[in-house]
>>> print(open('start-v7.pdb').read())   # PDB, C-alpha atoms, pLDDT in the B column
ATOM      1  CA  MET A  11      75.667  64.346 162.076  1.00 49.00           C
ATOM      2  CA  SER A  12      77.603  61.766 163.978  1.00 56.00           C
ATOM      3  CA  LYS A  13      74.802  59.586 165.276  1.00 78.00           C
ATOM      4  CA  VAL A  14      73.954  56.376 163.471  1.00 81.00           C
ATOM      5  CA  GLU A  15      70.225  57.187 163.781  1.00 80.00           C
ATOM      6  CA  ASP A  16      70.745  60.480 161.906  1.00 84.00           C
ATOM      7  CA  PHE A  17      72.767  58.994 159.053  1.00 91.00           C
ATOM      8  CA  LEU A  18      69.694  57.848 157.111  1.00 95.00           C
ATOM      9  CA  THR A  19      65.994  58.520 157.488  1.00 94.00           C
ATOM     10  CA  LYS A  20      63.622  55.542 157.860  1.00 94.00           C
ATOM     11  CA  GLU A  21      62.470  56.179 154.279  1.00 96.00           C
ATOM     12  CA  GLU A  22      66.060  56.175 153.016  1.00 96.00           C
ATOM     13  CA  GLU A  23      66.745  52.940 154.901  1.00 96.00           C
ATOM     14  CA  GLN A  24      63.744  51.317 153.221  1.00 96.00           C
ATOM     15  CA  LEU A  25      64.968  52.452 149.788  1.00 97.00           C
ATOM     16  CA  ILE A  26      68.383  50.916 150.520  1.00 97.00           C
ATOM     17  CA  VAL A  27      66.804  47.640 151.680  1.00 96.00           C
ATOM     18  CA  GLU A  28      64.761  47.629 148.454  1.00 97.00           C
ATOM     19  CA  ALA A  29      67.950  48.238 146.427  1.00 97.00           C
ATOM     20  CA  ILE A  30      69.521  45.218 148.151  1.00 96.00           C
ATOM     21  CA  ARG A  31      66.427  43.118 147.409  1.00 95.00           C
ATOM     22  CA  MET A  32      66.485  44.143 143.740  1.00 95.00           C
ATOM     23  CA  ALA A  33      70.246  43.583 143.432  1.00 95.00           C
ATOM     24  CA  GLU A  34      69.936  40.109 144.950  1.00 93.00           C
ATOM     25  CA  LYS A  35      66.880  39.106 142.915  1.00 91.00           C
ATOM     26  CA  ALA A  36      68.885  37.744 139.981  1.00 88.00           C
ATOM     27  CA  THR A  37      71.856  36.333 141.894  1.00 93.00           C
ATOM     28  CA  SER A  38      72.792  33.883 144.612  1.00 91.00           C
ATOM     29  CA  GLY A  39      75.041  36.598 146.077  1.00 93.00           C
ATOM     30  CA  GLU A  40      74.323  38.403 149.330  1.00 94.00           C
ATOM     31  CA  ILE A  41      74.741  42.108 150.085  1.00 97.00           C
ATOM     32  CA  ARG A  42      74.588  43.671 153.548  1.00 97.00           C
ATOM     33  CA  VAL A  43      75.013  47.215 154.847  1.00 97.00           C
ATOM     34  CA  HIS A  44      76.313  47.788 158.380  1.00 97.00           C
ATOM     35  CA  ILE A  45      76.389  51.240 159.956  1.00 96.00           C
ATOM     36  CA  GLU A  46      78.008  52.182 163.247  1.00 96.00           C
ATOM     37  CA  LYS A  47      79.118  55.372 164.932  1.00 95.00           C
ATOM     38  CA  THR A  48      82.862  54.822 165.080  1.00 95.00           C
ATOM     39  CA  THR A  49      85.563  52.213 165.363  1.00 95.00           C
ATOM     40  CA  SER A  50      88.829  52.184 167.243  1.00 96.00           C
ATOM     41  CA  LYS A  51      90.168  49.615 164.782  1.00 97.00           C
ATOM     42  CA  VAL A  52      91.492  49.958 161.262  1.00 97.00           C
ATOM     43  CA  PRO A  53      88.221  50.298 159.301  1.00 96.00           C
ATOM     44  CA  TYR A  54      88.997  47.357 157.016  1.00 96.00           C
ATOM     45  CA  ASP A  55      89.779  45.148 160.035  1.00 97.00           C
ATOM     46  CA  ARG A  56      86.503  46.169 161.677  1.00 97.00           C
ATOM     47  CA  ALA A  57      84.621  45.519 158.421  1.00 97.00           C
ATOM     48  CA  LEU A  58      86.068  41.989 158.296  1.00 97.00           C
ATOM     49  CA  GLU A  59      85.032  41.460 161.913  1.00 97.00           C
ATOM     50  CA  VAL A  60      81.453  42.572 161.134  1.00 97.00           C
ATOM     51  CA  PHE A  61      81.506  40.433 157.971  1.00 97.00           C
ATOM     52  CA  HIS A  62      82.131  37.363 160.141  1.00 96.00           C
ATOM     53  CA  GLU A  63      79.718  38.464 162.909  1.00 95.00           C
ATOM     54  CA  LEU A  64      76.915  38.751 160.341  1.00 95.00           C
ATOM     55  CA  GLY A  65      77.686  35.274 158.991  1.00 93.00           C
ATOM     56  CA  MET A  66      78.558  36.629 155.578  1.00 94.00           C
ATOM     57  CA  ASP A  67      81.406  34.153 155.248  1.00 92.00           C
ATOM     58  CA  ALA A  68      78.861  31.316 155.429  1.00 90.00           C
ATOM     59  CA  THR A  69      77.367  31.774 151.953  1.00 89.00           C
ATOM     60  CA  GLU A  70      77.634  28.658 149.852  1.00 89.00           C
ATOM     61  CA  LEU A  71      79.520  30.278 146.969  1.00 94.00           C
ATOM     62  CA  LYS A  72      81.542  32.744 149.085  1.00 96.00           C
ATOM     63  CA  ASN A  73      79.797  35.618 147.347  1.00 96.00           C
ATOM     64  CA  GLY A  74      78.762  37.882 150.197  1.00 96.00           C
ATOM     65  CA  VAL A  75      79.536  41.620 150.070  1.00 97.00           C
ATOM     66  CA  LEU A  76      79.442  43.991 153.035  1.00 98.00           C
ATOM     67  CA  VAL A  77      79.300  47.770 152.868  1.00 98.00           C
ATOM     68  CA  TYR A  78      80.589  48.948 156.244  1.00 98.00           C
ATOM     69  CA  VAL A  79      80.143  52.586 157.317  1.00 97.00           C
ATOM     70  CA  ALA A  80      81.661  54.281 160.386  1.00 96.00           C
ATOM     71  CA  VAL A  81      79.620  57.506 160.469  1.00 94.00           C
ATOM     72  CA  GLU A  82      81.646  59.635 162.881  1.00 94.00           C
ATOM     73  CA  ASP A  83      84.928  58.558 161.295  1.00 94.00           C
ATOM     74  CA  HIS A  84      83.734  59.489 157.784  1.00 93.00           C
ATOM     75  CA  ASN A  85      84.966  56.106 156.660  1.00 96.00           C
ATOM     76  CA  PHE A  86      83.528  53.196 154.722  1.00 97.00           C
ATOM     77  CA  VAL A  87      84.756  49.879 153.398  1.00 97.00           C
ATOM     78  CA  ILE A  88      83.426  47.452 150.807  1.00 97.00           C
ATOM     79  CA  CYS A  89      84.330  43.927 151.790  1.00 96.00           C
ATOM     80  CA  GLY A  90      83.765  41.007 149.415  1.00 97.00           C
ATOM     81  CA  ASP A  91      84.206  37.326 150.165  1.00 97.00           C
ATOM     82  CA  LYS A  92      86.685  35.077 148.334  1.00 97.00           C
ATOM     83  CA  GLY A  93      84.277  33.938 145.604  1.00 97.00           C
ATOM     84  CA  ILE A  94      83.327  37.414 144.397  1.00 97.00           C
ATOM     85  CA  ASN A  95      86.825  38.854 144.872  1.00 97.00           C
ATOM     86  CA  GLU A  96      88.284  36.189 142.563  1.00 97.00           C
ATOM     87  CA  VAL A  97      86.048  37.106 139.615  1.00 97.00           C
ATOM     88  CA  VAL A  98      85.439  40.862 139.592  1.00 96.00           C
ATOM     89  CA  PRO A  99      87.813  43.114 137.630  1.00 94.00           C
ATOM     90  CA  ALA A 100      90.888  44.120 139.654  1.00 92.00           C
ATOM     91  CA  ASP A 101      89.767  47.748 139.960  1.00 95.00           C
ATOM     92  CA  PHE A 102      86.074  47.018 140.574  1.00 97.00           C
ATOM     93  CA  TRP A 103      85.968  47.675 144.332  1.00 96.00           C
ATOM     94  CA  ASP A 104      88.082  50.857 144.016  1.00 96.00           C
ATOM     95  CA  CYS A 105      85.855  52.204 141.224  1.00 97.00           C
ATOM     96  CA  THR A 106      82.730  51.363 143.218  1.00 98.00           C
ATOM     97  CA  LYS A 107      84.150  53.032 146.307  1.00 97.00           C
ATOM     98  CA  GLU A 108      84.996  56.173 144.287  1.00 97.00           C
ATOM     99  CA  ALA A 109      81.444  56.352 142.876  1.00 97.00           C
ATOM    100  CA  MET A 110      80.012  56.032 146.385  1.00 98.00           C
ATOM    101  CA  ALA A 111      82.461  58.561 147.845  1.00 97.00           C
ATOM    102  CA  ALA A 112      81.424  61.142 145.224  1.00 97.00           C
ATOM    103  CA  GLU A 113      77.841  60.968 146.550  1.00 97.00           C
ATOM    104  CA  PHE A 114      78.954  60.842 150.192  1.00 96.00           C
ATOM    105  CA  LYS A 115      81.037  64.014 149.737  1.00 96.00           C
ATOM    106  CA  ILE A 116      77.909  65.986 148.842  1.00 96.00           C
ATOM    107  CA  GLY A 117      75.956  64.478 151.731  1.00 94.00           C
ATOM    108  CA  ASN A 118      73.939  62.089 149.598  1.00 96.00           C
ATOM    109  CA  PHE A 119      74.527  58.956 151.682  1.00 96.00           C
ATOM    110  CA  LYS A 120      71.417  57.122 150.499  1.00 97.00           C
ATOM    111  CA  GLN A 121      72.339  57.506 146.818  1.00 98.00           C
ATOM    112  CA  GLY A 122      75.971  56.555 147.469  1.00 98.00           C
ATOM    113  CA  LEU A 123      74.891  53.337 149.163  1.00 98.00           C
ATOM    114  CA  ILE A 124      72.331  52.548 146.455  1.00 98.00           C
ATOM    115  CA  ASP A 125      74.947  53.158 143.729  1.00 97.00           C
ATOM    116  CA  GLY A 126      77.383  50.779 145.459  1.00 98.00           C
ATOM    117  CA  ILE A 127      74.675  48.155 145.974  1.00 98.00           C
ATOM    118  CA  THR A 128      73.537  48.422 142.343  1.00 97.00           C
ATOM    119  CA  ARG A 129      77.075  48.108 140.958  1.00 97.00           C
ATOM    120  CA  THR A 130      77.776  45.160 143.258  1.00 97.00           C
ATOM    121  CA  GLY A 131      74.505  43.499 142.275  1.00 97.00           C
ATOM    122  CA  GLU A 132      75.405  43.765 138.584  1.00 97.00           C
ATOM    123  CA  GLN A 133      78.681  41.927 139.187  1.00 97.00           C
ATOM    124  CA  LEU A 134      77.013  39.312 141.383  1.00 96.00           C
ATOM    125  CA  GLN A 135      74.380  38.712 138.681  1.00 96.00           C
ATOM    126  CA  LYS A 136      77.099  38.372 136.046  1.00 96.00           C
ATOM    127  CA  TYR A 137      79.231  35.869 137.949  1.00 96.00           C
ATOM    128  CA  PHE A 138      76.667  34.264 140.272  1.00 95.00           C
ATOM    129  CA  PRO A 139      73.363  34.227 138.362  1.00 94.00           C
ATOM    130  CA  TYR A 140      70.242  33.094 140.153  1.00 87.00           C
ATOM    131  CA  GLN A 141      69.784  29.340 139.984  1.00 82.00           C
ATOM    132  CA  GLU A 142      66.534  27.479 140.570  1.00 79.00           C
ATOM    133  CA  GLY A 143      66.211  26.881 144.295  1.00 75.00           C
ATOM    134  CA  ASP A 144      68.516  29.721 145.404  1.00 75.00           C
ATOM    135  CA  THR A 145      67.414  31.182 148.715  1.00 74.00           C
ATOM    136  CA  ASN A 146      68.095  34.527 150.334  1.00 74.00           C
ATOM    137  CA  GLU A 147      70.671  33.282 152.827  1.00 72.00           C
ATOM    138  CA  LEU A 148      71.028  36.529 154.800  1.00 79.00           C
ATOM    139  CA  SER A 149      68.778  39.382 155.889  1.00 80.00           C
ATOM    140  CA  ASN A 150      68.551  42.468 153.662  1.00 80.00           C
ATOM    141  CA  GLU A 151      67.977  44.742 156.652  1.00 88.00           C
ATOM    142  CA  ILE A 152      70.630  47.302 157.548  1.00 91.00           C
ATOM    143  CA  SER A 153      72.509  46.218 160.661  1.00 91.00           C
ATOM    144  CA  LYS A 154      73.762  48.744 163.161  1.00 92.00           C
ATOM    145  CA  GLY A 155      76.528  48.655 165.721  1.00 87.00           C
TER     146      GLY A 155
END
>>> encode(input="start-v7.pdb", output="structure tokens")
Amino acid sequence: MSKVEDFLTKEEEQLIVEAIRMAEKATSGEIRVHIEKTTSKVPYDRALEVFHELGMDATELKNGVLVYVAVEDHNFVICGDKGINEVVPADFWDCTKEAMAAEFKIGNFKQGLIDGITRTGEQLQKYFPYQEGDTNELSNEISKG
């Protein structure tokens, strides 16, 4: 299963988009998922590149979070902007990545992504609660490269 199209079914994609919508409902934070086949770059460097390409660094409170997946490489990165990185516990991203990896290892990619999105949403809600007038600054759809 090395094709991006085979990574998630359409139904699974919709469940992930719904998880993003629910996670963002009570926060000004933004969560995106980007899936591509492979990268020739260091995965974290590529994730940062995608982060900027998707405009995630343009959120008002610097509270965007990207989950980047390189399917063929069996690699993923969670990339948070400055605002969220400054407030979450020091081990938060590592713990979230471990929880996701546990699901990924048994082939449950949808649940791994939803778990990561849910955990991220909880932190965003804690530190960046929804304020009157907050708008969804970025699409919830899964982007693909």
>>> resolve_selection(input="start-v7.pdb", expression="the PyMOL selection byres ((chain A and resi 67) around 12)", output="PyMOL selection string")
chain A and resi 39-42+58-66+68-76+89-94+147-148
>>> write_last_selection(input="start-v7.pdb", atoms="C-alpha atoms", output="JSON list (two decimals), keeping the file's coordinate frame")
[["chain", "number", "residue", "atom", "x", "y", "z"],
["A", 39, "GLY", "CA", 75.04, 36.60, 146.08],
["A", 40, "GLU", "CA", 74.32, 38.40, 149.33],
["A", 41, "ILE", "CA", 74.74, 42.11, 150.08],
["A", 42, "ARG", "CA", 74.59, 43.67, 153.55],
["A", 58, "LEU", "CA", 86.07, 41.99, 158.30],
["A", 59, "GLU", "CA", 85.03, 41.46, 161.91],
["A", 60, "VAL", "CA", 81.45, 42.57, 161.13],
["A", 61, "PHE", "CA", 81.51, 40.43, 157.97],
["A", 62, "HIS", "CA", 82.13, 37.36, 160.14],
["A", 63, "GLU", "CA", 79.72, 38.46, 162.91],
["A", 64, "LEU", "CA", 76.92, 38.75, 160.34],
["A", 65, "GLY", "CA", 77.69, 35.27, 158.99],
["A", 66, "MET", "CA", 78.56, 36.63, 155.58],
["A", 68, "ALA", "CA", 78.86, 31.32, 155.43],
["A", 69, "THR", "CA", 77.37, 31.77, 151.95],
["A", 70, "GLU", "CA", 77.63, 28.66, 149.85],
["A", 71, "LEU", "CA", 79.52, 30.28, 146.97],
["A", 72, "LYS", "CA", 81.54, 32.74, 149.08],
["A", 73, "ASN", "CA", 79.80, 35.62, 147.35],
["A", 74, "GLY", "CA", 78.76, 37.88, 150.20],
["A", 75, "VAL", "CA", 79.54, 41.62, 150.07],
["A", 76, "LEU", "CA", 79.44, 43.99, 153.04],
["A", 89, "CYS", "CA", 84.33, 43.93, 151.79],
["A", 90, "GLY", "CA", 83.76, 41.01, 149.42],
["A", 91, "ASP", "CA", 84.21, 37.33, 150.16],
["A", 92, "LYS", "CA", 86.68, 35.08, 148.33],
["A", 93, "GLY", "CA", 84.28, 33.94, 145.60],
["A", 94, "ILE", "CA", 83.33, 37.41, 144.40],
["A", 147, "GLU", "CA", 70.67, 33.28, 152.83],
["A", 148, "LEU", "CA", 71.03, 36.53, 154.80]]
>>> closest_residue(input="start-v7.pdb", among="A:Lys13, A:Lys20, A:Lys35, A:His84", to="Tyr140 of chain A", atoms="all atoms listed in the file")
A:Lys35
>>> axis_aligned_box(input="start-v7.pdb", around="segment 115-134 of chain A", padding_each_side="6 Å", output="lines of an AutoDock Vina configuration file")
center_x = 76.2
center_y = 52.6
center_z = 145.2
size_x = 21.6
size_y = 38.7
size_z = 25.1
>>> residues_near_point(input="start-v7.pdb", point="(77.2, 46.4, 166.6)", cutoff="10 Å", atoms="only C-alpha atoms", output="number ranges by chain")
A: 44-47, 60, 63-64, 153-155
>>> closest_residue(input="start-v7.pdb", among="A:Val52, A:Val77, A:Ala36, A:Val87", to="Thr145 of chain A", atoms="only C-alpha atoms")
A:Ala36
>>> closest_residue(input="start-v7.pdb", among="A:Tyr54, A:Trp103, A:Phe114, A:Phe17", to="Arg129 of chain A", atoms="all atoms listed in the file")
A:Trp103
>>> closest_residue(input="start-v7.pdb", among="A:Ile116, A:Ile152, A:Val97, A:Val14", to="Ile30 of chain A", atoms="only C-alpha atoms")
A:Ile152
>>> closest_residue(input="start-v7.pdb", among="A:Asn146, A:Lys136, A:Ile127, A:Ala109", to="Ala33 of chain A", atoms="only C-alpha atoms")
A:Ile127
>>> resolve_selection(input="start-v7.pdb", expression="the PyMOL selection byres ((chain A and resi 137) around 9)", output="compact mmCIF listing (two decimals) with C-alpha atoms, in the coordinates of the input")
# COMPACT_ATOMS: atom_id res chain seq x y z
CA THR A 37 71.86 36.33 141.89
CA ILE A 94 83.33 37.41 144.40
CA VAL A 97 86.05 37.11 139.62
CA VAL A 98 85.44 40.86 139.59
CA GLU A 132 75.40 43.76 138.58
CA GLN A 133 78.68 41.93 139.19
CA LEU A 134 77.01 39.31 141.38
CA GLN A 135 74.38 38.71 138.68
CA LYS A 136 77.10 38.37 136.05
CA PHE A 138 76.67 34.26 140.27
CA PRO A 139 73.36 34.23 138.36
>>> residues_around(input="start-v7.pdb", residues="Lys107 of chain A", least_positions_apart="5", cutoff="12 Å", atoms="all atoms listed in the file", output="VMD selection string")
chain A and resid 77 to 79 85 to 89 101 to 102 112 to 115 122 to 127 129 to 130
>>> atom_distance(input="start-v7.pdb", atom1="atom CA of Ser149 of chain A", atom2="atom CA of Leu18 of chain A")
18.5 Å
>>> closest_residue(input="start-v7.pdb", among="A:Ser38, A:Met32, A:Glu15, A:Ile26", to="Gln141 of chain A", atoms="all atoms listed in the file")
A:Ser38
>>> atom_distance(input="start-v7.pdb", atom1="atom CA of Val81 of chain A", atom2="atom CA of Thr48 of chain A")
6.2 Å
>>> atom_distance(input="start-v7.pdb", atom1="atom CA of Ala80 of chain A", atom2="atom CA of Thr128 of chain A")
20.6 Å
